[in-house]
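**Q** Here it is, the structure, as structure tokens.
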Protein chains: 4
Amino acid sequence: MIIVMQSRATDEDIRHVIGRIEDLGLHAHLSRGTERTIIGVIGDERVVRRENFALLPNVEEVIPILKPYKLASREFHPADTVVEVAGVPIGGRHLTVIAGPCSVESEEQLLETGRAVKAAGARLLRGGAYKPRTSPYSFQGLGEDGLKILAKVREATGLGIVTEVMESSEVDMVAEYADLLQVGARNMHNTKLLRSLSRLQKPVLLKRNFSATLNEFLMSAEYLLVGGNSRVVLCERGIRTFVEYTRNTLDLNVVPAVKRLSHLPIIVDPSHGTGRHDLVIPMSLAAIAAGADGLIVEVHPNPAEAFSDGEQSLTPENFTKLMQNLRGIAAAVGRD
Amino acid sequence: MIIVMQSRATDEDIRHVIGRIEDLGLHAHLSRGTERTIIGVIGDERVVRRENFALLPNVEEVIPILKPYKLASREFHPADTVVEVAGVPIGGRHLTVIAGPCSVESEEQLLETGRAVKAAGARLLRGGAYKPRTSPYSFQGLGEDGLKILAKVREATGLGIVTEVMESSEVDMVAEYADLLQVGARNMHNTKLLRSLSRLQKPVLLKRNFSATLNEFLMSAEYLLVGGNSRVVLCERGIRTFVEYTRNTLDLNVVPAVKRLSHLPIIVDPSHGTGRHDLVIPMSLAAIAAGADGLIVEVHPNPAEAFSDGEQSLTPENFTKLMQNLRGIAAAVGRD
Amino acid sequence: MIIVMQSRATDEDIRHVIGRIEDLGLHAHLSRGTERTIIGVIGDERVVRRENFALLPNVEEVIPILKPYKLASREFHPADTVVEVAGVPIGGRHLTVIAGPCSVESEEQLLETGRAVKAAGARLLRGGAYKPRTSPYSFQGLGEDGLKILAKVREATGLGIVTEVMESSEVDMVAEYADLLQVGARNMHNTKLLRSLSRLQKPVLLKRNFSATLNEFLMSAEYLLVGGNSRVVLCERGIRTFVEYTRNTLDLNVVPAVKRLSHLPIIVDPSHGTGRHDLVIPMSLAAIAAGADGLIVEVHPNPAEAFSDGEQSLTPENFTKLMQNLRGIAAAVGRD
Amino acid sequence: MIIVMQSRATDEDIRHVIGRIEDLGLHAHLSRGTERTIIGVIGDERVVRRENFALLPNVEEVIPILKPYKLASREFHPADTVVEVAGVPIGGRHLTVIAGPCSVESEEQLLETGRAVKAAGARLLRGGAYKPRTSPYSFQGLGEDGLKILAKVREATGLGIVTEVMESSEVDMVAEYADLLQVGARNMHNTKLLRSLSRLQKPVLLKRNFSATLNEFLMSAEYLLVGGNSRVVLCERGIRTFVEYTRNTLDLNVVPAVKRLSHLPIIVDPSHGTGRHDLVIPMSLAAIAAGADGLIVEVHPNPAEAFSDGEQSLTPENFTKLMQNLRGIAAAVGRD
């Protein structure tokens, strides 16, 4: 942590800051420039709060130096983490595609989708039983009945199951059915939910909130890691910007950025990231070219009848086409 | 709902759309323009999903006409709603100021703050017992012990209590202690929590998520209203933008906009809305001038030692100054 | 400037950075922490480019310490600057209101507006002769004919004239007619235009670009100041965010922030800042309560027939009402 | 255009709107729904201003139906436009890479870069002679001397020249030297510059402003097309969002969106789109996978000594590596 003093700061102000640093069991290091005096704080700045210094007389700015996350950082864990989900690896050389409908609507719908996406090459099946909807008048999901349908279709198809959990009190129940528990974008900051999941023996798919910075995204992963669950898969699904044509702005920059800063695998959701089915294929290819470890794609046998997110769902035919086009890109970036 | 056909749409495409409208028990109304044919959907569009039409052949766009919220709208309820909290009205001619520390840290800290803000004119006391923090290494709140301290200070000062509830499973417990239950910005989309609170006999303070549109904000209020709780107070607390100098961008435009579209009272949080204690006073005055029904302000007896949000907390002295300055503004806009 | 080394940086890497600092005629100051080594650069960092260091081996980050602007800073010029425009002061204790139509449409329209806004208390008249429109099919302004109408109406009413200049080659011509030359939001980054205006003997109204940070805004002012023109009035007119209900998000936080960081006066444009005539009055009051030195407001005798920006224009009647309401706010914040 | 009446609108209000539509020589088409009456405007809505209707009594909303651009639309011109620049096609099956330094610094620097990028497979050379810099204290470009160096290096290498023009008064001079004239992101809204370029017999590279919507981007292209210059190449270079880790957020969604809505070619600038040299290669691959017609990449022989943008420049070695990696992606998406 660096403390920048205002130009009018007196020697007493500077002594005051240094005294405070030493009170906290840390060391100060003074550097007098031509226009500003700067005080470095030597020691673990994570135990210090900015306000401890920012509010002292004639302090201009407090600048943190260390990244706020530790266990999620590549510095702490240099090798790529590979997360295994129902026998399917996510990360490393493998490209993994998760596909399925936004909502579980019926056994028939899910089974048809599951068979189609498996035939096309998907390894895991997604489907929402609990749905966080903007409107109280929209379909809110089948709840535990939806989970039971997911379990049946797993048995029938052999696909591992990915589904969302929305509250800490439901973690145990959802974990009975799911192979990979999804934290939705709206819940990325739900610290109670993260803490419950951190004590679980199952992997977690952590979606980036649509207005989370990269630091905040990795800090939510840190909640999971610090509680003891190291099986974390990150997911970029678009951020909120001024852009109107697409539902969200897919931030693919974050893919190589995460690869640089963290050891955790990251996949991309081009369905929410665009909100338009006709952009899903090109943006899926782009995600893999940018270095993503996989995709999570919405597929519905009849999008015009979907209970939710029909406009961004692929038909099974288009999903098959996507999987064919992916092969060339995967080869070009050295992935399986 | 308006359905715009592409210029290349055939008569059959148009008949297809009309057939679908009629299948849903609604009526279609056709309008052929020089460049586009437009089909109006007559009936309650809230039962229809966009995707029912957006994915039909040669449909260009589906445009909703009605606002998605109903009970929250001023059209539904023309008069201003006044919410009473522990005998204190929020809304109408009254300006109500809620003040207190970000976190409850100790009985001594809260009592000192409570007495100071009461003396300055605040009517309700805020204080967080459950804290949703970005970092797992930060102070997470005292939990139920914090709630007990709040109750004690209520008894000692007579101030009503405002505190955050973070999960549906904790609603009943928090409701035992609080007079006004706060839904934090990170939980504005937490539909489980909203549904639990909608069945409660206590008023709710609903903070706008930092990337919520006005429609989304009012839709979260709709969750509360539709479940039967009409005692909802809205709160603008800043949105996330590209701006770096302030922690958030306080969107005061939303204050007169809410007044126009909804009957619910709205207050402003200038502490989170700026993130800087030296901007809190001018932005508080601005909020009241824009038509807000009150403020929620962070006050700490010693901000440099606060466990959280010290940089945006006022000292009791500065809070007293704020309350004095408010009087002139309140008079100028015809408020008490 | 602070240079943070990666944890794996060797002594040679550190010597390399120090060597480079000394080559540039500056001094290095080393601080070894527990997790990072930090090197302070002593001297005027404005002559150094970040890339000089950011690309050296095992440099993690380069953090500037000084503000990038100098002449625009309050540190350089502690007293408030008051800019005089045609005998009207902007800044200091004075509140100055500029009003008039978006575009000059005819002598009759401008004269009617000028007389009305003068009667209501406006001191300066705005009107665009050159209009930067998004669409090539929209009205582009009357050009020099518009300037001539402005001059006539100045003579008839005694009001000083505020109008936009869009290109450096037109600065001299516009300066013949205008008392205050406006740099529009789209041109805030137009460095050629800023340099031309910096050599002028007339004051400049610099509008903030709708995606400019505070530093960028003040750097555009710096272009004017460094060229010798110290008569600069800043103007906040709304930024672009994800918000849809209003045309822009009026960032009133910037008003007290500018007051803290700079000596230049700042006014607010609530017409562009909201895009809705029914929000203009409350947001005008909010701007003054936040500490703005004045307003620039769009007024049209018949907004429904305006060639541009009718939806955000006040009628003369509503402008008169605004001016009456302003008095109470002005008194409450100690302004004339 | 669709006009939505408020629920309280009377028959007289509706007749008023219809009368206004007919006064403008257009036809009205009335549709009475259960909650709202809607009036369709039949005829070319581009001649109508929203305010003509939005301000009439009890009008709730005015919704445009047609896209605001015409000549830039794929509806108007279904086939892909291919723009030829110094014998090099941009668009169609071809992938074209433009490379070179941010600023022309010297003949030696440019020649070295030109030879290196040509050897690696670039077809056009970029280099800025006029630089729009945020700070008046930064290097502002060599001006016409820079243009002369560009011409010399064209002669020596055979590479076509791409360089920025910043003002309409300089269009003719820059056009003497350049093969492709660049409109920078800060000038996308500079309508005077666009109009000058629209009369030119040379192709134009139009960079998207960092806060332009897709409609605004295509409207700037429309300015060029409507003036008679149909040789327009679009360029996505990143937008401004709340994201801090990268300089901008590269919005690759816009690539397939432009392909759908327009016939114009679009290339991507991963250097500005990320601001970090270590993200340039993966995001270049992603851009081509998303369907871009080419790239414009900053390359400098010694980035640490670059006068500008060194942090986002590739070395010639890394540029060669990029070009090799591109081949596989290009083949996978069926491009040359």
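By order in the structure tokens, chains are A, B, ...; within a chain, residues start at 1; ligands start at 1, following the order shown.
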Check which residues of chain D sit at most 9 Å from chain C using only C-alpha atoms, and return one row each with the closest pair of atoms and their distance in Å to one decimal, ordered by chain and rising number, as JSON lines.

**A**
```
{"residue": "D:Arg46", "atom": "CA", "partner": "C:Tyr137", "partner_atom": "CA", "distance": 7.5}
{"residue": "D:Val47", "atom": "CA", "partner": "C:Tyr137", "partner_atom": "CA", "distance": 8.0}
{"residue": "D:Arg49", "atom": "CA", "partner": "C:Phe307", "partner_atom": "CA", "distance": 7.9}
{"residue": "D:Arg50", "atom": "CA", "partner": "C:Glu311", "partner_atom": "CA", "distance": 8.0}
{"residue": "D:Glu51", "atom": "CA", "partner": "C:Ala304", "partner_atom": "CA", "distance": 5.3}
{"residue": "D:Asn52", "atom": "CA", "partner": "C:Ala304", "partner_atom": "CA", "distance": 5.0}
{"residue": "D:Phe53", "atom": "CA", "partner": "C:Ala304", "partner_atom": "CA", "distance": 7.1}
{"residue": "D:Ala54", "atom": "CA", "partner": "C:Glu311", "partner_atom": "CA", "distance": 7.0}
{"residue": "D:Leu55", "atom": "CA", "partner": "C:Ala304", "partner_atom": "CA", "distance": 5.6}
{"residue": "D:Leu56", "atom": "CA", "partner": "C:Ala304", "partner_atom": "CA", "distance": 7.3}
{"residue": "D:Pro68", "atom": "CA", "partner": "C:Ser135", "partner_atom": "CA", "distance": 7.6}
{"residue": "D:Tyr69", "atom": "CA", "partner": "C:Ser135", "partner_atom": "CA", "distance": 8.0}
{"residue": "D:Lys131", "atom": "CA", "partner": "C:Thr191", "partner_atom": "CA", "distance": 9.0}
{"residue": "D:Pro132", "atom": "CA", "partner": "C:Thr191", "partner_atom": "CA", "distance": 6.1}
{"residue": "D:Arg133", "atom": "CA", "partner": "C:Thr191", "partner_atom": "CA", "distance": 7.4}
{"residue": "D:Thr134", "atom": "CA", "partner": "C:Met219", "partner_atom": "CA", "distance": 6.6}
{"residue": "D:Ser135", "atom": "CA", "partner": "C:Met219", "partner_atom": "CA", "distance": 6.0}
{"residue": "D:Pro136", "atom": "CA", "partner": "C:Tyr223", "partner_atom": "CA", "distance": 5.5}
{"residue": "D:Tyr137", "atom": "CA", "partner": "C:Arg46", "partner_atom": "CA", "distance": 7.6}
{"residue": "D:Ser138", "atom": "CA", "partner": "C:Val47", "partner_atom": "CA", "distance": 8.4}
{"residue": "D:Met166", "atom": "CA", "partner": "C:Lys192", "partner_atom": "CA", "distance": 8.0}
{"residue": "D:Glu167", "atom": "CA", "partner": "C:Glu167", "partner_atom": "CA", "distance": 7.4}
{"residue": "D:Ser168", "atom": "CA", "partner": "C:Glu167", "partner_atom": "CA", "distance": 8.2}
{"residue": "D:Ser169", "atom": "CA", "partner": "C:Ser169", "partner_atom": "CA", "distance": 7.1}
{"residue": "D:Arg186", "atom": "CA", "partner": "C:His189", "partner_atom": "CA", "distance": 6.4}
{"residue": "D:Asn187", "atom": "CA", "partner": "C:Asn190", "partner_atom": "CA", "distance": 7.7}
{"residue": "D:Met188", "atom": "CA", "partner": "C:Arg186", "partner_atom": "CA", "distance": 8.9}
{"residue": "D:His189", "atom": "CA", "partner": "C:Arg186", "partner_atom": "CA", "distance": 6.4}
{"residue": "D:Asn190", "atom": "CA", "partner": "C:Pro132", "partner_atom": "CA", "distance": 7.2}
{"residue": "D:Thr191", "atom": "CA", "partner": "C:Pro132", "partner_atom": "CA", "distance": 6.1}
{"residue": "D:Lys192", "atom": "CA", "partner": "C:Glu167", "partner_atom": "CA", "distance": 7.9}
{"residue": "D:Phe210", "atom": "CA", "partner": "C:Ser211", "partner_atom": "CA", "distance": 8.0}
{"residue": "D:Ser211", "atom": "CA", "partner": "C:Ser211", "partner_atom": "CA", "distance": 6.6}
{"residue": "D:Glu216", "atom": "CA", "partner": "C:Thr134", "partner_atom": "CA", "distance": 6.6}
{"residue": "D:Met219", "atom": "CA", "partner": "C:Ser135", "partner_atom": "CA", "distance": 5.9}
{"residue": "D:Ser220", "atom": "CA", "partner": "C:Thr134", "partner_atom": "CA", "distance": 7.2}
{"residue": "D:Glu222", "atom": "CA", "partner": "C:Pro136", "partner_atom": "CA", "distance": 7.2}
{"residue": "D:Tyr223", "atom": "CA", "partner": "C:Pro136", "partner_atom": "CA", "distance": 5.5}
{"residue": "D:Val226", "atom": "CA", "partner": "C:Pro136", "partner_atom": "CA", "distance": 7.8}
{"residue": "D:Arg240", "atom": "CA", "partner": "C:Ser211", "partner_atom": "CA", "distance": 7.4}
{"residue": "D:Thr241", "atom": "CA", "partner": "C:Thr241", "partner_atom": "CA", "distance": 8.4}
{"residue": "D:Pro303", "atom": "CA", "partner": "C:Glu51", "partner_atom": "CA", "distance": 7.3}
{"residue": "D:Ala304", "atom": "CA", "partner": "C:Asn52", "partner_atom": "CA", "distance": 4.9}
{"residue": "D:Glu305", "atom": "CA", "partner": "C:Asn52", "partner_atom": "CA", "distance": 6.1}
{"residue": "D:Ala306", "atom": "CA", "partner": "C:Glu51", "partner_atom": "CA", "distance": 7.5}
{"residue": "D:Phe307", "atom": "CA", "partner": "C:Arg49", "partner_atom": "CA", "distance": 7.9}
{"residue": "D:Ser308", "atom": "CA", "partner": "C:Arg49", "partner_atom": "CA", "distance": 8.0}
{"residue": "D:Asp309", "atom": "CA", "partner": "C:Glu51", "partner_atom": "CA", "distance": 7.6}
{"residue": "D:Gly310", "atom": "CA", "partner": "C:Glu51", "partner_atom": "CA", "distance": 5.4}
{"residue": "D:Glu311", "atom": "CA", "partner": "C:Glu51", "partner_atom": "CA", "distance": 5.5}
```

**Q** Assign secondary structure with DSSP using the backbone only, and return the residues of region 167-218 of chain D in helix (DSSP H, G or I) as a list in words.

**A** Ser168, Ser169, Glu170, Val171, Asp172, Met173, Val174, Ala175, Glu176, Tyr177, Ala185, Arg186, Asn187, Thr191, Lys192, Leu193, Leu194, Arg195, Ser196, Leu197, Ser198, Leu214, Asn215, Glu216, Phe217 and Leu218 of chain D

**Q** Using only C-alpha atoms, which of B:Arg335, B:Lys148, B:Arg247, B:Lys321 sits nearest Ala290 (chain B)?

**A** B:Arg335

**Q** What separation in Å, quoted to one decimal, exists between CA of Thr81 (chain B) and CA of Leu264 (chain B)?

**A**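 Result for CA of Thr81 (chain B) versus CA of Leu264 (chain B): 5.3 Å, one decimal.
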
**Q** Give me, as a PDB file with N, CA, C and O atoms, in the first residue's frame, all polymer residues having an atom no more than 8 Å from Ser313 (chain A), counting only C-alpha atoms and skipping those fewer than 4 positions away in the same chain.

**A**
```
ATOM      1  N   PRO A 101     -31.486 -26.487 -22.286  1.00  0.00           N
ATOM      2  CA  PRO A 101     -32.454 -25.395 -22.279  1.00  0.00           C
ATOM      3  C   PRO A 101     -32.210 -24.433 -21.120  1.00  0.00           C
ATOM      4  O   PRO A 101     -31.618 -24.805 -20.106  1.00  0.00           O
ATOM      5  N   CYS A 102     -32.701 -23.213 -21.262  1.00  0.00           N
ATOM      6  CA  CYS A 102     -32.666 -22.251 -20.161  1.00  0.00           C
ATOM      7  C   CYS A 102     -33.390 -22.860 -18.961  1.00  0.00           C
ATOM      8  O   CYS A 102     -32.795 -23.054 -17.907  1.00  0.00           O
ATOM      9  N   SER A 271     -24.884 -17.286 -25.211  1.00  0.00           N
ATOM     10  CA  SER A 271     -26.335 -17.087 -25.295  1.00  0.00           C
ATOM     11  C   SER A 271     -26.722 -15.820 -24.539  1.00  0.00           C
ATOM     12  O   SER A 271     -27.326 -14.902 -25.106  1.00  0.00           O
ATOM     13  N   ARG A 276     -29.051 -13.039 -28.654  1.00  0.00           N
ATOM     14  CA  ARG A 276     -29.628 -13.235 -29.990  1.00  0.00           C
ATOM     15  C   ARG A 276     -29.079 -14.523 -30.574  1.00  0.00           C
ATOM     16  O   ARG A 276     -27.877 -14.659 -30.809  1.00  0.00           O
ATOM     17  N   HIS A 277     -29.994 -15.422 -30.926  1.00  0.00           N
ATOM     18  CA  HIS A 277     -29.549 -16.731 -31.413  1.00  0.00           C
ATOM     19  C   HIS A 277     -28.675 -16.609 -32.656  1.00  0.00           C
ATOM     20  O   HIS A 277     -27.775 -17.410 -32.853  1.00  0.00           O
ATOM     21  N   VAL A 297     -24.097 -23.262 -23.616  1.00  0.00           N
ATOM     22  CA  VAL A 297     -24.944 -22.761 -24.702  1.00  0.00           C
ATOM     23  C   VAL A 297     -26.387 -23.187 -24.462  1.00  0.00           C
ATOM     24  O   VAL A 297     -26.643 -24.344 -24.109  1.00  0.00           O
ATOM     25  N   GLU A 298     -27.317 -22.260 -24.691  1.00  0.00           N
ATOM     26  CA  GLU A 298     -28.737 -22.610 -24.560  1.00  0.00           C
ATOM     27  C   GLU A 298     -29.255 -23.243 -25.840  1.00  0.00           C
ATOM     28  O   GLU A 298     -29.130 -22.680 -26.935  1.00  0.00           O
ATOM     29  N   VAL A 299     -29.865 -24.424 -25.685  1.00  0.00           N
ATOM     30  CA  VAL A 299     -30.424 -25.168 -26.820  1.00  0.00           C
ATOM     31  C   VAL A 299     -31.843 -25.574 -26.438  1.00  0.00           C
ATOM     32  O   VAL A 299     -32.075 -26.042 -25.312  1.00  0.00           O
ATOM     33  N   HIS A 300     -32.773 -25.415 -27.350  1.00  0.00           N
ATOM     34  CA  HIS A 300     -34.176 -25.777 -27.082  1.00  0.00           C
ATOM     35  C   HIS A 300     -34.747 -26.417 -28.344  1.00  0.00           C
ATOM     36  O   HIS A 300     -34.488 -25.932 -29.437  1.00  0.00           O
ATOM     37  N   PRO A 303     -37.475 -23.205 -29.921  1.00  0.00           N
ATOM     38  CA  PRO A 303     -37.237 -21.943 -29.201  1.00  0.00           C
ATOM     39  C   PRO A 303     -38.455 -21.028 -29.141  1.00  0.00           C
ATOM     40  O   PRO A 303     -38.662 -20.335 -28.138  1.00  0.00           O
ATOM     41  N   ASP A 309     -36.017 -17.276 -22.449  1.00  0.00           N
ATOM     42  CA  ASP A 309     -34.788 -17.138 -23.242  1.00  0.00           C
ATOM     43  C   ASP A 309     -34.843 -17.774 -24.626  1.00  0.00           C
ATOM     44  O   ASP A 309     -33.790 -18.089 -25.210  1.00  0.00           O
TER      45      ASP A 309
END
```

**Q** Of the candidates B:Gln6, B:Pro78, B:Val83, B:Leu252, which one gets nearest to Ser284 (chain C) if we count only C-alpha atoms?

**A** B:Leu252

**Q** Could you list, as a VMD selection string, every residue within 12 Å of Arg327 (chain A), counting only C-alpha atoms and ignoring same-chain residues fewer than 2 positions away?

**A** (chain A and resid 95 to 97 120 to 121 284 to 285 288 to 289 320 to 325 329 to 336) or (chain D and resid 328 to 329 331 to 333)

**Q** Next, the residues of the selection above should be written as a CSV table (one decimal), in the first residue's frame with N, CA and C atoms.

**A**
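Full text of again_4.csv as output:
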```csv
chain,number,residue,atom,x,y,z
A,95,LEU,N,-11.5,-28.9,-24.4
A,95,LEU,CA,-12.6,-28.0,-24.6
A,95,LEU,C,-13.9,-28.7,-24.2
A,96,THR,N,-14.7,-28.1,-23.3
A,96,THR,CA,-15.9,-28.8,-22.8
A,96,THR,C,-17.1,-27.9,-23.2
A,97,VAL,N,-18.1,-28.6,-23.8
A,97,VAL,CA,-19.3,-27.8,-24.1
A,97,VAL,C,-20.5,-28.3,-23.2
A,120,ALA,N,-24.5,-34.3,-30.7
A,120,ALA,CA,-23.7,-33.3,-31.3
A,120,ALA,C,-22.3,-33.1,-30.7
A,121,GLY,N,-22.1,-33.7,-29.5
A,121,GLY,CA,-20.8,-33.7,-28.9
A,121,GLY,C,-20.8,-32.9,-27.5
A,284,SER,N,-19.4,-17.9,-30.3
A,284,SER,CA,-18.8,-19.2,-29.7
A,284,SER,C,-17.5,-19.4,-30.2
A,285,LEU,N,-17.4,-19.3,-31.6
A,285,LEU,CA,-16.0,-19.5,-32.2
A,285,LEU,C,-15.0,-18.5,-31.7
A,288,ILE,N,-13.7,-19.4,-28.1
A,288,ILE,CA,-12.7,-20.5,-28.1
A,288,ILE,C,-11.4,-20.0,-28.7
A,289,ALA,N,-11.4,-19.1,-29.7
A,289,ALA,CA,-10.2,-18.6,-30.3
A,289,ALA,C,-9.5,-17.7,-29.3
A,320,THR,N,-25.7,-28.4,-33.6
A,320,THR,CA,-24.9,-29.4,-34.3
A,320,THR,C,-23.9,-28.7,-35.3
A,321,LYS,N,-24.4,-27.7,-36.0
A,321,LYS,CA,-23.6,-26.9,-36.9
A,321,LYS,C,-22.5,-26.2,-36.1
A,322,LEU,N,-22.8,-25.6,-34.9
A,322,LEU,CA,-21.8,-25.0,-34.1
A,322,LEU,C,-20.7,-25.9,-33.7
A,323,MET,N,-21.1,-27.2,-33.3
A,323,MET,CA,-20.1,-28.1,-32.9
A,323,MET,C,-19.2,-28.5,-34.0
A,324,GLN,N,-19.7,-28.6,-35.2
A,324,GLN,CA,-18.9,-28.9,-36.4
A,324,GLN,C,-17.9,-27.7,-36.6
A,325,ASN,N,-18.4,-26.5,-36.6
A,325,ASN,CA,-17.5,-25.3,-36.8
A,325,ASN,C,-16.4,-25.2,-35.8
A,329,ILE,N,-11.6,-24.4,-35.3
A,329,ILE,CA,-11.1,-23.4,-34.4
A,329,ILE,C,-10.3,-24.1,-33.2
A,330,ALA,N,-10.8,-25.2,-32.7
A,330,ALA,CA,-10.1,-25.9,-31.6
A,330,ALA,C,-8.8,-26.3,-32.1
A,331,ALA,N,-8.7,-26.9,-33.3
A,331,ALA,CA,-7.5,-27.4,-33.8
A,331,ALA,C,-6.5,-26.2,-34.0
A,332,ALA,N,-7.0,-25.1,-34.5
A,332,ALA,CA,-6.1,-23.9,-34.7
A,332,ALA,C,-5.5,-23.4,-33.4
A,333,VAL,N,-6.2,-23.5,-32.3
A,333,VAL,CA,-5.6,-23.0,-31.0
A,333,VAL,C,-5.1,-24.2,-30.2
A,334,GLY,N,-4.9,-25.4,-30.8
A,334,GLY,CA,-4.2,-26.5,-30.1
A,334,GLY,C,-5.1,-27.1,-29.0
A,335,ARG,N,-6.4,-27.1,-29.2
A,335,ARG,CA,-7.2,-27.7,-28.1
A,335,ARG,C,-7.9,-29.0,-28.7
A,336,ASP,N,-8.4,-29.8,-27.8
A,336,ASP,CA,-9.1,-31.1,-28.2
A,336,ASP,C,-10.6,-30.8,-28.5
D,328,GLY,N,-4.6,-20.7,-39.2
D,328,GLY,CA,-5.5,-21.8,-38.8
D,328,GLY,C,-6.9,-21.3,-38.6
D,329,ILE,N,-7.0,-20.2,-38.0
D,329,ILE,CA,-8.4,-19.6,-37.7
D,329,ILE,C,-9.0,-19.2,-39.0
D,331,ALA,N,-8.6,-20.4,-42.0
D,331,ALA,CA,-9.0,-21.6,-42.7
D,331,ALA,C,-10.3,-22.2,-42.0
D,332,ALA,N,-10.4,-22.1,-40.7
D,332,ALA,CA,-11.5,-22.7,-40.0
D,332,ALA,C,-12.8,-21.9,-40.3
D,333,VAL,N,-12.7,-20.6,-40.6
D,333,VAL,CA,-13.9,-19.9,-40.9
D,333,VAL,C,-14.0,-19.6,-42.4
```
